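So this one's start23.tsv, TSV, C-alpha atoms:
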chain	number	residue	atom	x	y	z
A	1	MET	CA	-2.31	-60.66	-26.71
A	2	ARG	CA	-0.85	-57.68	-28.60
A	3	ASN	CA	-4.23	-55.89	-28.59
A	4	TYR	CA	-4.57	-56.60	-24.88
A	5	LEU	CA	-1.15	-54.98	-24.16
A	6	LEU	CA	-2.04	-51.93	-26.28
A	7	LEU	CA	-5.34	-51.55	-24.46
A	8	LEU	CA	-3.60	-51.94	-21.08
A	9	ALA	CA	-0.97	-49.34	-22.05
A	10	LEU	CA	-3.70	-46.91	-23.18
A	11	LEU	CA	-5.67	-47.37	-19.95
A	12	LEU	CA	-2.59	-46.92	-17.78
A	13	SER	CA	-1.49	-43.79	-19.66
A	14	THR	CA	-4.84	-42.10	-19.00
A	15	ALA	CA	-4.94	-43.23	-15.36
A	16	LEU	CA	-1.46	-42.00	-14.38
A	17	PRO	CA	-1.14	-38.39	-13.26
A	18	ARG	CA	0.34	-36.10	-15.86
A	19	LYS	CA	2.73	-33.29	-15.20
A	20	ALA	CA	0.86	-30.04	-14.92
A	21	ALA	CA	1.33	-27.80	-17.89
A	22	ALA	CA	3.83	-25.08	-17.16
A	23	GLN	CA	1.88	-22.06	-16.00
A	24	ALA	CA	3.26	-18.59	-16.54
A	25	PRO	CA	3.82	-16.79	-13.25
A	26	THR	CA	1.50	-13.91	-12.49
A	27	PRO	CA	2.76	-10.54	-11.26
A	28	ALA	CA	2.93	-9.99	-7.54
A	29	VAL	CA	0.30	-7.65	-6.10
A	30	LEU	CA	0.61	-5.39	-3.09
A	31	ASN	CA	-0.67	-7.02	0.09
A	32	HIS	CA	0.53	-4.61	2.77
A	33	ILE	CA	3.08	-2.01	3.72
A	34	ALA	CA	4.52	-2.09	7.24
A	35	LEU	CA	5.73	1.07	8.95
A	36	TYR	CA	7.78	0.73	12.11
A	37	VAL	CA	6.88	3.80	14.20
A	38	VAL	CA	7.83	5.47	17.47
A	39	ASP	CA	4.34	6.28	18.78
A	40	LEU	CA	1.66	3.85	17.61
A	41	GLN	CA	-1.38	5.90	18.63
A	42	LYS	CA	-0.02	9.16	17.23
A	43	SER	CA	0.76	7.51	13.89
A	44	ALA	CA	-2.53	5.61	13.71
A	45	ASP	CA	-4.47	8.80	14.48
A	46	PHE	CA	-2.57	10.65	11.77
A	47	TYR	CA	-3.35	8.10	9.05
A	48	LYS	CA	-6.98	7.82	10.11
A	49	LYS	CA	-7.51	11.60	10.25
A	50	ALA	CA	-5.26	12.90	7.47
A	51	LEU	CA	-5.72	10.15	4.88
A	52	LEU	CA	-9.13	8.98	6.16
A	53	LEU	CA	-7.95	5.35	6.23
A	54	PRO	CA	-10.33	2.97	8.00
A	55	GLU	CA	-8.98	0.75	10.76
A	56	ILE	CA	-9.40	-2.98	10.25
A	57	PRO	CA	-9.01	-5.88	12.69
A	58	GLU	CA	-5.47	-7.06	13.33
A	59	PRO	CA	-4.65	-10.53	14.62
A	60	PHE	CA	-1.93	-9.70	17.17
A	61	LYS	CA	-4.05	-7.84	19.72
A	62	ASP	CA	-0.88	-6.94	21.61
A	63	GLY	CA	-1.20	-3.13	21.61
A	64	ARG	CA	1.75	-2.81	19.23
A	65	HIS	CA	-0.11	-3.05	15.90
A	66	VAL	CA	-2.77	-1.07	14.05
A	67	TRP	CA	-3.92	-2.14	10.58
A	68	LEU	CA	-5.55	0.22	8.13
A	69	ARG	CA	-7.18	-0.39	4.75
A	70	ILE	CA	-5.35	1.38	1.88
A	71	GLY	CA	-7.07	-0.29	-1.07
A	72	PRO	CA	-9.51	-3.03	-1.97
A	73	HIS	CA	-6.94	-5.72	-1.14
A	74	SER	CA	-4.10	-3.74	0.48
A	75	GLN	CA	-3.31	-2.71	4.02
A	76	LEU	CA	-1.02	-0.43	5.99
A	77	HIS	CA	0.40	-2.13	9.09
A	78	ILE	CA	1.66	0.30	11.72
A	79	ILE	CA	3.96	-1.28	14.29
A	80	GLN	CA	5.18	0.28	17.55
A	81	GLY	CA	8.84	0.14	18.56
A	82	ASN	CA	11.02	2.27	16.28
A	83	LYS	CA	13.52	4.95	17.31
A	84	PRO	CA	13.33	8.47	15.82
A	85	GLN	CA	15.18	8.87	12.51
A	86	ASP	CA	15.29	11.07	9.42
A	87	HIS	CA	13.59	10.05	6.16
A	88	ASP	CA	14.34	11.31	2.66
A	89	ILE	CA	11.46	12.54	0.49
A	90	ASN	CA	12.63	10.26	-2.33
A	91	THR	CA	11.39	7.31	-0.26
A	92	HIS	CA	7.66	7.86	0.10
A	93	LEU	CA	4.24	6.25	-0.03
A	94	ALA	CA	1.94	7.66	-2.70
A	95	PHE	CA	-1.85	7.87	-2.48
A	96	SER	CA	-4.35	9.17	-5.03
A	97	VAL	CA	-7.48	11.19	-4.35
A	98	PRO	CA	-10.24	12.14	-6.81
A	99	ASN	CA	-9.98	15.87	-5.99
A	100	LEU	CA	-6.64	17.20	-4.78
A	101	ALA	CA	-7.97	20.71	-3.98
A	102	SER	CA	-10.66	19.20	-1.74
A	103	PHE	CA	-8.07	17.02	-0.03
A	104	MET	CA	-5.81	20.04	0.53
A	105	ALA	CA	-8.77	21.87	2.11
A	106	HIS	CA	-9.25	18.83	4.40
A	107	LEU	CA	-5.58	19.07	5.49
A	108	ASP	CA	-5.96	22.84	6.01
A	109	LYS	CA	-8.93	22.21	8.35
A	110	LEU	CA	-6.77	19.79	10.33
A	111	GLY	CA	-3.90	22.32	10.44
A	112	MET	CA	-1.52	19.88	8.78
A	113	ARG	CA	1.57	21.02	6.93
A	114	TYR	CA	2.02	20.02	3.29
A	115	GLY	CA	3.60	21.42	0.17
A	116	ASN	CA	5.27	20.65	-3.10
A	117	TRP	CA	8.49	18.70	-3.71
A	118	LYS	CA	10.52	21.78	-2.71
A	119	SER	CA	8.55	22.05	0.58
A	120	GLU	CA	6.87	25.28	-0.49
A	121	PRO	CA	3.72	25.35	1.69
A	122	HIS	CA	0.32	24.79	0.10
A	123	LYS	CA	1.73	24.39	-3.41
A	124	THR	CA	1.52	21.42	-5.76
A	125	THR	CA	4.14	19.80	-7.95
A	126	PRO	CA	2.95	19.02	-11.49
A	127	ARG	CA	4.33	15.84	-13.05
A	128	PRO	CA	5.12	15.73	-16.78
A	129	ASP	CA	2.01	13.55	-17.31
A	130	GLY	CA	-0.28	16.23	-15.84
A	131	VAL	CA	-0.76	14.67	-12.40
A	132	ASN	CA	-0.48	17.13	-9.50
A	133	GLN	CA	1.14	16.14	-6.21
A	134	ILE	CA	1.58	17.37	-2.67
A	135	TYR	CA	3.87	16.00	0.03
A	136	LEU	CA	3.51	15.74	3.77
A	137	GLN	CA	5.15	13.87	6.61
A	138	ASP	CA	3.61	11.59	9.20
A	139	PRO	CA	4.55	11.90	12.90
A	140	ASP	CA	7.66	9.75	12.35
A	141	GLY	CA	8.82	11.79	9.37
A	142	PHE	CA	7.84	9.22	6.73
A	143	TRP	CA	7.05	11.09	3.52
A	144	LEU	CA	3.69	10.77	1.82
A	145	GLU	CA	2.68	11.92	-1.62
A	146	VAL	CA	-0.96	12.61	-2.38
A	147	ASN	CA	-1.85	13.11	-6.02
A	148	ASP	CA	-4.80	13.36	-8.40
A	149	ASP	CA	-3.79	10.53	-10.73
A	150	LYS	CA	-6.85	9.10	-12.46
A	151	PHE	CA	-5.09	5.87	-13.57
Encoding of this model in structure tokens:
Amino acid sequence: MRNYLLLLALLLSTALPRKAAAQAPTPAVLNHIALYVVDLQKSADFYKKALLLPEIPEPFKDGRHVWLRIGPHSQLHIIQGNKPQDHDINTHLAFSVPNLASFMAHLDKLGMRYGNWKSEPHKTTPRPDGVNQIYLQDPDGFWLEVNDDKF
């Protein structure tokens, strides 16, 4: 009888669900950034022309949203409905390009204003790590940094 109870206990212990081993949390990854804008079409055109961001399907189909691809698994959601307001350069979105001089030439062709941190036109700001940056504003005044960081 004792052997029978041991065997039964062993069988039950393997049949019962066990608590999952504690799994370390993984870091969060960027999914999307949402910008609340005044003029949806003007902003969408800016991001598509200036930053060359491709438009992707959006599920709302209400005329108030445009979604753009900003990375392999990241998106920029532009949403209509904001009121005009001022934005500080310290709060900005940063993008990297392989060749900053080529990108600056692209902006020059489009007639877009850009400059360094001090707003000196057509100049770059070097970071201490050797990365060069420029800054520009979208139609709503949101600040954008474009740099040549190689990661």
Pairwise distance for atom CA of His122 of chain A and atom CA of Ile70 of chain A, rounded to one decimal in Å: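 Atom CA of His122 of chain A sits 24.2 Å away from atom CA of Ile70 of chain A.
Restricting the calculation to only C-alpha atoms, the smallest distance between Asn147 of chain A and any of A:Glu58, A:Leu51, A:Leu110, A:Glu120 is found for A:Leu51.
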Who sits within 12 Å of Pro128 of chain A, all atoms listed in the file, same chain under 4 positions skipped, as number ranges by chain: A: 132-133, 149
Long-range neighbours of Leu40 of chain A as a PyMOL selection string, 8 Å cut-off, only C-alpha atoms, 5 positions minimum in chain: chain A and resi 64-66+78-80
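Atom CA of Leu53 of chain A lies 24.9 Å from atom CA of Pro126 of chain A.
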Atomic distance atom CA of Asp140 of chain A - atom CA of Glu55 of chain A, expressed in Å with one decimal: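 Distance between the two atoms: 19.0 Å.
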Who sits within 12 Å of Pro72 of chain A, all atoms listed in the file, same chain under 4 positions skipped, as a VMD selection string: chain A and resid 29 to 32 53 to 54 68 76
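Using only C-alpha atoms, the shortest contact distance between Ser119 of chain A and any of A:Val146, A:Ser102, A:Pro25, A:Ile89 is found at A:Ile89.
Excluding Gly141 of chain A itself and any same-chain residue fewer than 3 positions from it, the protein and nucleic acid residues within 9 Å of it, counting only C-alpha atoms, are Pro84, Gln85, Asp86, His87, Asp88, Leu136, Gln137 and Asp138 of chain A.
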Once you have the residues from the selection above, write them out as a PDB file, keeping the file's coordinate frame, restricted to C-alpha atoms.
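Okay, part.pdb is ready:
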ATOM      1  CA  PRO A  84      13.330   8.470  15.820  1.00  0.00           C
ATOM      2  CA  GLN A  85      15.180   8.870  12.510  1.00  0.00           C
ATOM      3  CA  ASP A  86      15.290  11.070   9.420  1.00  0.00           C
ATOM      4  CA  HIS A  87      13.590  10.050   6.160  1.00  0.00           C
ATOM      5  CA  ASP A  88      14.340  11.310   2.660  1.00  0.00           C
ATOM      6  CA  LEU A 136       3.510  15.740   3.770  1.00  0.00           C
ATOM      7  CA  GLN A 137       5.150  13.870   6.610  1.00  0.00           C
ATOM      8  CA  ASP A 138       3.610  11.590   9.200  1.00  0.00           C
TER       9      ASP A 138
END
